[in-house]
Structures are given as C-alpha cells and as structure tokens.
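Source file: input.tsv. Holds: TSV, C-alpha atoms.
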```tsv
chain	number	residue	atom	x	y	z
A	9	MET	CA	-27.33	-16.18	11.76
A	10	ILE	CA	-24.22	-17.84	13.10
A	11	GLY	CA	-23.25	-20.98	11.25
A	12	THR	CA	-25.16	-20.15	8.09
A	13	ALA	CA	-23.45	-19.10	4.89
A	14	LEU	CA	-23.91	-15.35	4.77
A	15	ASN	CA	-23.92	-13.42	1.57
A	16	PHE	CA	-21.86	-10.30	2.15
A	17	LEU	CA	-22.32	-8.92	-1.34
A	18	PRO	CA	-25.19	-6.55	-0.42
A	19	VAL	CA	-23.14	-5.14	2.49
A	20	VAL	CA	-20.14	-4.71	0.20
A	21	ARG	CA	-22.19	-2.98	-2.47
A	22	THR	CA	-23.66	-0.49	0.00
A	23	ALA	CA	-20.31	0.23	1.65
A	24	VAL	CA	-18.49	0.69	-1.65
A	25	ALA	CA	-21.22	2.92	-3.09
A	26	ASP	CA	-21.34	5.09	0.06
A	27	ALA	CA	-17.56	5.38	0.38
A	28	LEU	CA	-17.03	6.26	-3.27
A	29	GLY	CA	-20.19	8.32	-3.69
A	30	ILE	CA	-21.40	6.20	-6.59
A	31	ASP	CA	-24.63	4.37	-7.35
A	32	GLU	CA	-25.03	0.89	-5.86
A	33	ASP	CA	-25.96	-0.39	-9.31
A	34	GLU	CA	-22.43	0.35	-10.46
A	35	VAL	CA	-20.99	-1.98	-7.84
A	36	VAL	CA	-21.55	-5.21	-9.74
A	37	PRO	CA	-19.90	-8.34	-8.31
A	38	GLU	CA	-17.24	-8.48	-11.03
A	39	ALA	CA	-16.25	-4.79	-10.74
A	40	THR	CA	-12.65	-4.36	-9.60
A	41	LEU	CA	-12.50	-1.93	-6.69
A	42	LEU	CA	-9.36	-0.06	-7.72
A	43	GLY	CA	-9.67	-0.43	-11.48
A	44	ASP	CA	-13.33	-0.28	-12.47
A	45	LEU	CA	-14.64	1.71	-9.51
A	46	GLY	CA	-11.64	3.98	-8.99
A	47	ALA	CA	-11.10	3.32	-5.28
A	48	GLU	CA	-7.86	4.58	-3.71
A	49	SER	CA	-6.26	3.01	-0.67
A	50	ILE	CA	-7.95	5.54	1.62
A	51	ASP	CA	-11.27	4.44	0.10
A	52	LEU	CA	-10.45	0.82	0.92
A	53	LEU	CA	-10.02	1.85	4.56
A	54	ASP	CA	-13.34	3.65	4.44
A	55	ILE	CA	-15.09	0.69	2.78
A	56	LEU	CA	-13.75	-1.82	5.29
A	57	PHE	CA	-14.82	0.32	8.25
A	58	ARG	CA	-18.29	0.79	6.83
A	59	ILE	CA	-18.56	-2.98	6.45
A	60	GLU	CA	-17.33	-3.53	9.98
A	61	ARG	CA	-19.93	-1.14	11.32
A	62	ALA	CA	-22.75	-2.62	9.22
A	63	ALA	CA	-21.96	-6.32	9.50
A	64	GLY	CA	-19.64	-6.61	12.49
A	65	VAL	CA	-16.95	-8.37	10.45
A	66	LYS	CA	-13.53	-6.82	10.65
A	67	ALA	CA	-11.12	-7.00	7.75
A	68	THR	CA	-8.09	-4.82	7.08
A	69	VAL	CA	-6.32	-3.77	3.89
A	70	ALA	CA	-3.45	-5.97	5.08
A	71	ASP	CA	-5.86	-8.96	5.09
A	72	ILE	CA	-6.50	-8.34	1.39
A	73	GLY	CA	-2.77	-8.20	0.74
A	74	ALA	CA	-2.25	-11.40	2.74
A	75	LEU	CA	-5.00	-13.16	0.79
A	76	LEU	CA	-3.49	-12.11	-2.53
A	77	GLN	CA	0.07	-13.09	-1.70
A	78	GLY	CA	-0.88	-16.09	0.42
A	79	GLY	CA	2.26	-15.99	2.55
A	80	ILE	CA	4.43	-16.64	-0.52
A	81	PRO	CA	7.77	-14.82	-0.02
A	82	ASP	CA	8.33	-11.83	-2.34
A	83	GLU	CA	11.20	-13.50	-4.17
A	84	GLU	CA	8.98	-16.50	-5.00
A	85	PHE	CA	5.87	-14.47	-5.79
A	86	GLY	CA	7.58	-12.36	-8.42
A	87	ASP	CA	10.89	-12.31	-10.28
A	88	GLU	CA	13.47	-9.51	-10.11
A	89	ASP	CA	11.33	-7.42	-12.47
A	90	GLU	CA	8.30	-7.91	-10.20
A	91	VAL	CA	6.57	-10.10	-12.79
A	92	VAL	CA	4.34	-12.54	-10.92
A	93	SER	CA	5.77	-16.07	-11.08
A	94	ASP	CA	3.98	-19.32	-11.93
A	95	THR	CA	3.68	-19.97	-8.19
A	96	GLY	CA	2.09	-16.55	-7.71
A	97	LEU	CA	-0.28	-16.95	-10.68
A	98	THR	CA	-1.37	-20.38	-9.44
A	99	HIS	CA	-2.11	-18.88	-6.04
A	100	LEU	CA	-4.08	-16.00	-7.58
A	101	GLU	CA	-6.16	-18.44	-9.61
A	102	LYS	CA	-6.96	-20.22	-6.37
A	103	VAL	CA	-8.03	-17.15	-4.34
A	104	LEU	CA	-9.58	-15.07	-7.16
A	105	PRO	CA	-11.99	-17.41	-8.99
A	106	GLN	CA	-12.41	-14.96	-11.89
A	107	PHE	CA	-8.67	-14.71	-12.55
A	108	ASP	CA	-7.44	-16.62	-15.59
A	109	ARG	CA	-3.79	-16.24	-16.56
A	110	SER	CA	-4.49	-17.30	-20.16
A	111	ARG	CA	-6.45	-14.07	-20.58
A	112	LEU	CA	-3.58	-11.80	-19.55
A	113	ALA	CA	-2.64	-9.47	-22.38
A	114	ARG	CA	0.83	-8.92	-20.91
A	115	PRO	CA	2.86	-10.30	-18.00
A	116	LEU	CA	1.24	-9.47	-14.67
A	117	THR	CA	3.41	-7.34	-12.40
A	118	ALA	CA	3.05	-7.33	-8.61
A	119	ASP	CA	1.80	-3.72	-8.50
A	120	LEU	CA	-1.25	-4.70	-10.57
A	121	VAL	CA	-2.35	-7.57	-8.35
A	122	LEU	CA	-4.43	-5.48	-5.95
A	123	GLY	CA	-6.23	-4.09	-9.00
A	124	LEU	CA	-7.63	-7.58	-9.71
A	125	PHE	CA	-9.65	-7.55	-6.48
A	126	THR	CA	-13.41	-7.35	-7.12
A	127	ALA	CA	-16.49	-6.61	-5.03
A	128	GLN	CA	-17.28	-10.35	-5.08
A	129	ASN	CA	-13.74	-11.16	-3.90
A	130	LEU	CA	-14.26	-8.81	-0.96
A	131	ALA	CA	-17.59	-10.47	-0.15
A	132	ASP	CA	-15.84	-13.87	-0.25
A	133	LEU	CA	-13.07	-12.61	2.03
A	134	LEU	CA	-15.65	-11.36	4.53
A	135	LEU	CA	-17.45	-14.70	4.45
A	136	ASP	CA	-14.15	-16.36	5.19
A	137	ARG	CA	-13.40	-13.97	8.07
A	138	SER	CA	-16.88	-14.42	9.47
A	139	ALA	CA	-16.58	-18.23	9.30
A	140	ALA	CA	-13.21	-18.03	11.07
A	141	LEU	CA	-14.77	-15.87	13.81
A	142	THR	CA	-17.62	-18.35	14.18
A	143	ARG	CA	-15.20	-21.24	14.48
A	144	ALA	CA	-13.14	-19.36	17.05
A	145	ALA	CA	-16.24	-18.54	19.14
B	5	MET	CA	29.15	15.92	-23.65
B	6	ASN	CA	31.09	18.38	-21.53
B	7	ALA	CA	34.13	17.69	-19.38
B	8	THR	CA	32.18	17.70	-16.12
B	9	ALA	CA	29.87	14.97	-17.32
B	10	VAL	CA	32.82	12.85	-18.40
B	11	ALA	CA	34.53	13.36	-15.08
B	12	SER	CA	31.41	12.29	-13.17
B	13	ALA	CA	30.81	9.12	-15.21
B	14	PRO	CA	31.02	5.97	-13.06
B	15	ALA	CA	34.33	4.14	-13.13
B	16	PRO	CA	34.41	0.63	-14.68
B	17	ASP	CA	33.62	-2.02	-12.08
B	18	PRO	CA	35.62	-5.28	-12.41
B	19	ALA	CA	32.83	-7.10	-10.55
B	20	ALA	CA	30.37	-6.03	-13.25
B	21	GLY	CA	32.48	-7.45	-16.06
B	22	GLY	CA	34.18	-4.11	-16.76
B	23	ARG	CA	30.91	-2.25	-17.28
B	24	PRO	CA	30.56	1.03	-15.41
B	25	ALA	CA	29.49	0.49	-11.82
B	26	PRO	CA	25.82	1.44	-11.46
B	27	GLY	CA	25.38	4.64	-9.56
B	28	PRO	CA	22.77	5.22	-6.88
B	29	ARG	CA	19.19	4.90	-8.00
B	30	LEU	CA	16.37	7.08	-6.74
B	31	LEU	CA	12.86	6.00	-5.91
B	32	ILE	CA	10.34	8.77	-5.48
B	33	GLY	CA	6.77	8.74	-4.23
B	34	THR	CA	4.27	11.49	-3.65
B	35	ASP	CA	0.74	11.68	-2.23
B	36	LEU	CA	-1.93	14.26	-1.63
B	37	VAL	CA	-4.92	13.80	0.70
B	38	ALA	CA	-7.88	15.86	1.80
B	39	VAL	CA	-7.49	16.56	5.53
B	40	GLU	CA	-11.25	16.36	6.01
B	41	ARG	CA	-11.27	12.81	4.65
B	42	ILE	CA	-8.77	11.62	7.26
B	43	GLU	CA	-10.54	13.59	9.97
B	44	SER	CA	-13.91	12.02	9.21
B	45	LEU	CA	-12.43	8.53	8.90
B	46	LEU	CA	-10.85	8.88	12.34
B	47	ALA	CA	-13.83	10.62	13.93
B	48	ASP	CA	-15.84	7.68	15.18
B	49	ARG	CA	-13.46	4.79	14.76
B	50	ASP	CA	-11.34	4.46	17.84
B	51	ASP	CA	-9.00	1.76	16.60
B	52	LEU	CA	-8.35	3.24	13.17
B	53	ALA	CA	-5.85	5.73	14.55
B	54	GLN	CA	-3.87	2.84	16.06
B	55	GLN	CA	-4.05	0.96	12.76
B	56	LEU	CA	-2.70	3.91	10.79
B	57	PHE	CA	-0.32	5.68	13.15
B	58	THR	CA	2.31	4.69	15.71
B	59	GLU	CA	2.05	5.83	19.32
B	60	ARG	CA	4.85	8.28	18.67
B	61	GLU	CA	3.08	9.79	15.67
B	62	LEU	CA	-0.17	10.11	17.60
B	63	ALA	CA	1.63	11.75	20.52
B	64	TYR	CA	3.36	14.21	18.19
B	65	CYS	CA	0.11	15.20	16.50
B	66	ALA	CA	-1.80	15.39	19.79
B	67	GLY	CA	0.77	17.98	20.87
B	68	ARG	CA	-0.36	20.16	17.98
B	69	ALA	CA	-4.00	20.15	18.98
B	70	ARG	CA	-5.19	22.99	16.80
B	71	ARG	CA	-3.70	21.41	13.69
B	72	ARG	CA	-3.87	17.76	14.74
B	73	ALA	CA	-5.81	16.61	11.66
B	74	ASP	CA	-3.42	18.44	9.30
B	75	HIS	CA	-0.44	16.70	10.88
B	76	LEU	CA	-2.12	13.29	10.84
B	77	ALA	CA	-3.16	13.74	7.21
B	78	ALA	CA	0.41	14.72	6.26
B	79	ARG	CA	1.68	11.55	7.94
B	80	PHE	CA	-0.91	9.48	6.14
B	81	ALA	CA	0.27	11.03	2.86
B	82	ALA	CA	3.86	10.23	3.87
B	83	LYS	CA	3.03	6.56	4.34
B	84	GLU	CA	1.29	6.46	0.96
B	85	ALA	CA	4.23	8.25	-0.66
B	86	VAL	CA	6.70	5.73	0.78
B	87	MET	CA	4.53	2.81	-0.38
B	88	LYS	CA	4.53	4.31	-3.87
B	89	ALA	CA	8.29	4.79	-3.80
B	90	LEU	CA	8.79	1.19	-2.66
B	91	GLY	CA	6.25	-0.04	-5.19
B	92	VAL	CA	4.15	-1.84	-2.58
B	93	GLY	CA	0.61	-1.43	-1.40
B	94	ALA	CA	-1.67	-3.42	0.78
B	95	THR	CA	0.89	-5.86	2.08
B	96	VAL	CA	2.70	-3.24	4.17
B	97	PRO	CA	1.00	-2.30	7.46
B	98	TRP	CA	0.69	1.47	7.90
B	99	CYS	CA	2.59	1.48	11.17
B	100	ASP	CA	5.62	-0.09	9.46
B	101	ILE	CA	6.24	3.35	7.97
B	102	GLU	CA	6.78	5.93	10.67
B	103	VAL	CA	7.43	9.65	10.44
B	104	VAL	CA	9.65	10.87	13.24
B	105	ASN	CA	10.55	14.47	13.88
B	106	SER	CA	13.96	15.64	14.93
B	107	VAL	CA	14.42	18.20	17.70
B	108	ASP	CA	14.21	21.02	15.16
B	109	GLY	CA	10.98	19.60	13.76
B	110	ARG	CA	12.40	18.19	10.56
B	111	PRO	CA	10.57	14.99	9.63
B	112	GLY	CA	12.41	11.78	8.84
B	113	LEU	CA	11.45	8.20	8.09
B	114	ARG	CA	11.77	5.13	10.21
B	115	LEU	CA	10.83	1.84	8.58
B	116	HIS	CA	9.88	-1.26	10.50
B	117	GLY	CA	8.81	-4.82	9.80
B	118	ARG	CA	7.76	-5.52	6.25
B	119	ALA	CA	8.46	-1.99	5.02
B	120	ALA	CA	12.04	-2.31	6.28
B	121	GLN	CA	12.30	-5.73	4.63
B	122	VAL	CA	11.14	-4.41	1.24
B	123	ALA	CA	13.47	-1.41	1.58
B	124	ARG	CA	16.39	-3.80	2.12
B	125	GLN	CA	15.35	-5.81	-0.95
B	126	ARG	CA	15.36	-2.59	-2.97
B	127	GLY	CA	18.81	-1.70	-1.62
B	128	VAL	CA	17.58	1.47	0.07
B	129	THR	CA	20.41	3.17	1.92
B	130	GLU	CA	18.98	6.62	2.61
B	131	SER	CA	15.58	8.24	2.71
B	132	ASP	CA	14.05	11.64	3.08
B	133	ILE	CA	10.52	12.89	3.42
B	134	SER	CA	8.95	16.30	3.00
B	135	LEU	CA	5.47	17.20	4.25
B	136	SER	CA	3.20	20.13	3.63
B	137	HIS	CA	-0.38	21.14	4.38
B	138	THR	CA	-2.53	24.06	3.44
B	139	ALA	CA	-6.10	24.85	2.36
B	140	GLY	CA	-7.46	21.54	3.62
B	141	LEU	CA	-4.92	19.44	1.77
B	142	ALA	CA	-1.87	17.59	3.01
B	143	MET	CA	0.89	16.23	0.84
B	144	ALA	CA	4.12	14.33	1.18
B	145	CYS	CA	7.06	13.55	-1.02
B	146	ALA	CA	9.35	10.61	-0.24
B	147	VAL	CA	12.76	10.01	-1.76
B	148	LEU	CA	14.62	6.75	-1.28
B	149	VAL	CA	18.22	6.31	-2.38
B	150	CYS	CA	19.18	2.78	-3.46
B	151	ALA	CA	22.75	1.54	-3.51
B	152	GLY	CA	22.15	0.27	-7.03
B	153	LYS	CA	24.14	-2.92	-6.63
B	154	THR	CA	21.53	-5.52	-7.45
B	155	GLU	CA	21.47	-7.48	-10.69
B	156	ARG	CA	18.24	-5.72	-11.57
B	157	ASP	CA	19.88	-2.31	-11.26
B	158	ARG	CA	22.76	-3.48	-13.43
B	159	THR	CA	20.41	-4.43	-16.23
B	160	LEU	CA	18.72	-1.07	-15.94
B	161	THR	CA	21.92	0.93	-16.27
```
Would you put the structure from the file into structure tokens?
Amino acid sequence: MIGTALNFLPVVRTAVADALGIDEDEVVPEATLLGDLGAESIDLLDILFRIERAAGVKATVADIGALLQGGIPDEEFGDEDEVVSDTGLTHLEKVLPQFDRSRLARPLTADLVLGLFTAQNLADLLLDRSAALTRAA
Amino acid sequence: MNATAVASAPAPDPAAGGRPAPGPRLLIGTDLVAVERIESLLADRDDLAQQLFTERELAYCAGRARRRADHLAARFAAKEAVMKALGVGATVPWCDIEVVNSVDGRPGLRLHGRAAQVARQRGVTESDISLSHTAGLAMACAVLVCAGKTERDRTLT
C-alpha cells in the first residue's frame, strides 16, 4: 500500500455520510462539506476522526485552514473588509482545483472560504498527508 | 432625539478629520451544542480532548465529575462562540481560546496564539463569556469589545 497513490474518496464518503447521518450517494466528490452537505465544525471533527480510525491518516481542522490560507498572512489574504485578495484567490485556485474566480457572483469574503471545501478536496488533502507520512517514514 | 442621546454622542475627533470619534464596537458570538455529541466524540479518542481543551480546562471539568461532559460541552460552545465573534473558523486552534474560571466560578476568556493575534487585529480590548447547560444542551455567548479605532471602523461609523 505504501508508495502507491491511494484514493481516499471512498473513505471520505463513508466518514461524511456516517458523521452527518446522510446517504453515501449524497456525498459526491464536488459536494461542499459545509455548504451542500450542511456540516458544522463539530461534524468536521467527527469526520476527520472517523477517517483517522478507518484509514490511519490524521488530519485536523487546522490543517484544512492551513491548506486554504497557505501561510499567507491575514492582511495579505484579505483586505480590511475581509474580501479575499488577488494573492488569496490565486492561492485558492491552486489548492482547490474546482475553484474559478471568474465564476464568483460577488466578491469572496474570508468567512466563505471554508465553505468552498469539497469532499474531493478532503480526499486530496488526505492523499497529501499520507504521502508526507510515507516520505517521513 | 432627546437630550441624553445628544449628550452621549461622541465628540469630534481631530485625528478623524473632525468626524465624531468612533465609539467602541461590539462583536458577539453564540453557540449551542448537544452534550451527548461532545461526549461521544471524546469517548474513544484519547487525543481529541487535548486537541480541543487546555490542561487547565480539562482539570476544571474533571473536578466536576458528575457533570464533566456538560462543562466540556459548554467550553466547546464557548470556543465556537468566540470564533464566530472574531469571524474566524478553521485557522484558529481550539486551545488558543481558553475558558478560565475565577475563584467565584465566573468564567472568563483567555486568548492565546492565533486567536490573540486576530483579536488584536480586530482591536479587541475586553471580552466576556457566559455559559449555560441544561436538558442535554450547552450554550455559550461571547461578547468582545473593540476599541473602534481602525480605519475599517471609521468607515462603518
């Protein structure tokens, strides 16, 4: 198993469905966890722990935040009205393949960024974490 | 407008180009959680408690053994309430927001790390927190007072 590209999507779908009490079929790759599936932050905790138990890959809610902001300081990520800057949007396009700023109906504010995170994005993050663990081993 | 309202209006501030100096601004956040949800999350995950709560919070709640889960859930709600008041989410570690109790049991907030940094950015000068739990639910209400001296606050006033 180690060294091969794992697909974490099935693990994510099961964990999300179990934590939220919804059908696995609803957890499509492009579904946003907070928006489409209605997860709250306590659900994110639950989901991540279910994944850790099922797949042995540990990720925290803070890891998701770190991925989304990419170490960009707050004052560079958003302006004084919390609207995500060009720098921030460019970073989001890099880490969230489905994100396309030209399709934004209105300026994106920082509080909406976590809502962009999809089931597929979580699977990608886990793949990244698992690869990092493999490299460190 | 009555006389009291006129008397309490902010005085013009030369630094703000003669406009009235912005008064303090309030940020409020509230959260409600099911105690059972926290209890079951913590049940078989040893390191989750350390991820969510500081040593001091765990010690406080352990001292209230019969109602430990209620107290932990109320603290979880407090952290969520503060995150809402600050307008932040996942980027603030849970332990950066700590509920500390005074000798008489009154809860207060202590912010660390990134939470403290965001609070400084928002100009937070004072905070208060209120917790409650009953019938399997725990809730918290956080109030943060901002000095209201940033450019952003000026444009809002």
- request: Dump as a list in words the residues of chain B that approach chain A to within 9 Å, counting all atoms listed in the file.
  value: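 The complete set of qualifying residues is Val37, Arg41, Ile42, Leu45, Arg49, Leu52, Glu84, Gly91, Val92, Gly93, Ala94, Thr95, Val96, Pro97, Trp98, Val122, Glu155 and Arg156 of chain B.
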message: To one decimal place in Å, what is the distance between CA of Leu30 (chain B) and CA of Val147 (chain B)?
response: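 Answer for the CA of Leu30 (chain B) to CA of Val147 (chain B) separation: 6.8 Å.
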Selection near region 17-31 of chain A, 8 Å with all atoms listed in the file, sequence-local residues under 2 positions removed, as a list in words: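 These residues fall inside the cut-off: Asn15, Asp33, Glu34, Val35, Val36, Pro37, Ala47, Asp51, Asp54, Ile55, Leu56, Arg58, Ile59, Ala62, Ala63, Ala127, Gln128, Leu130 and Ala131 of chain A.
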Nearby residues (only C-alpha atoms) at most 10 Å from Gln106 (chain A), same-chain spacing under 5 positions excluded, as number ranges by chain: A: 38, 100-101, 124-126, 128-129
message: For a test of reading the model, state the distance in Å between CA of Lys102 (chain A) and CA of Gly78 (chain A), rounded to one decimal.
response: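 Spanning CA of Lys102 (chain A) to CA of Gly78 (chain A) is a straight-line distance of 10.0 Å.
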query: What is the distance between CA of Ala67 (chain A) and CA of Asp136 (chain A), in Å to one decimal?
result: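 Value for the CA of Ala67 (chain A)-CA of Asp136 (chain A) distance: 10.2 Å.
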task: Write out as an MDAnalysis selection string the residues lying within 9 Å of Leu141 (chain B), counting only C-alpha atoms and excluding same-chain residues fewer than 2 positions away.
output: chainID B and resid 36:40 74 77:78 136:139 143
message: Using all atoms listed in the file, which protein or nucleic acid residues come within 9 Å of Gly86 (chain A)? Drop anything in the same chain fewer than 5 positions from it, and give the result as a list in words.
response: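 Residues near the query, excluding close chain neighbours: Pro81, Val91, Val92, Ser93, Asp94, Thr95, Gly96, Thr117 and Ala118 of chain A.
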- request: Do a neighbour search on Gln54 (chain B) at 12 Å with all atoms listed in the file, toss out local chain neighbours closer than 5 positions, and write the hits as number ranges by chain.
  value: B: 46, 49, 59-63, 76, 97-100
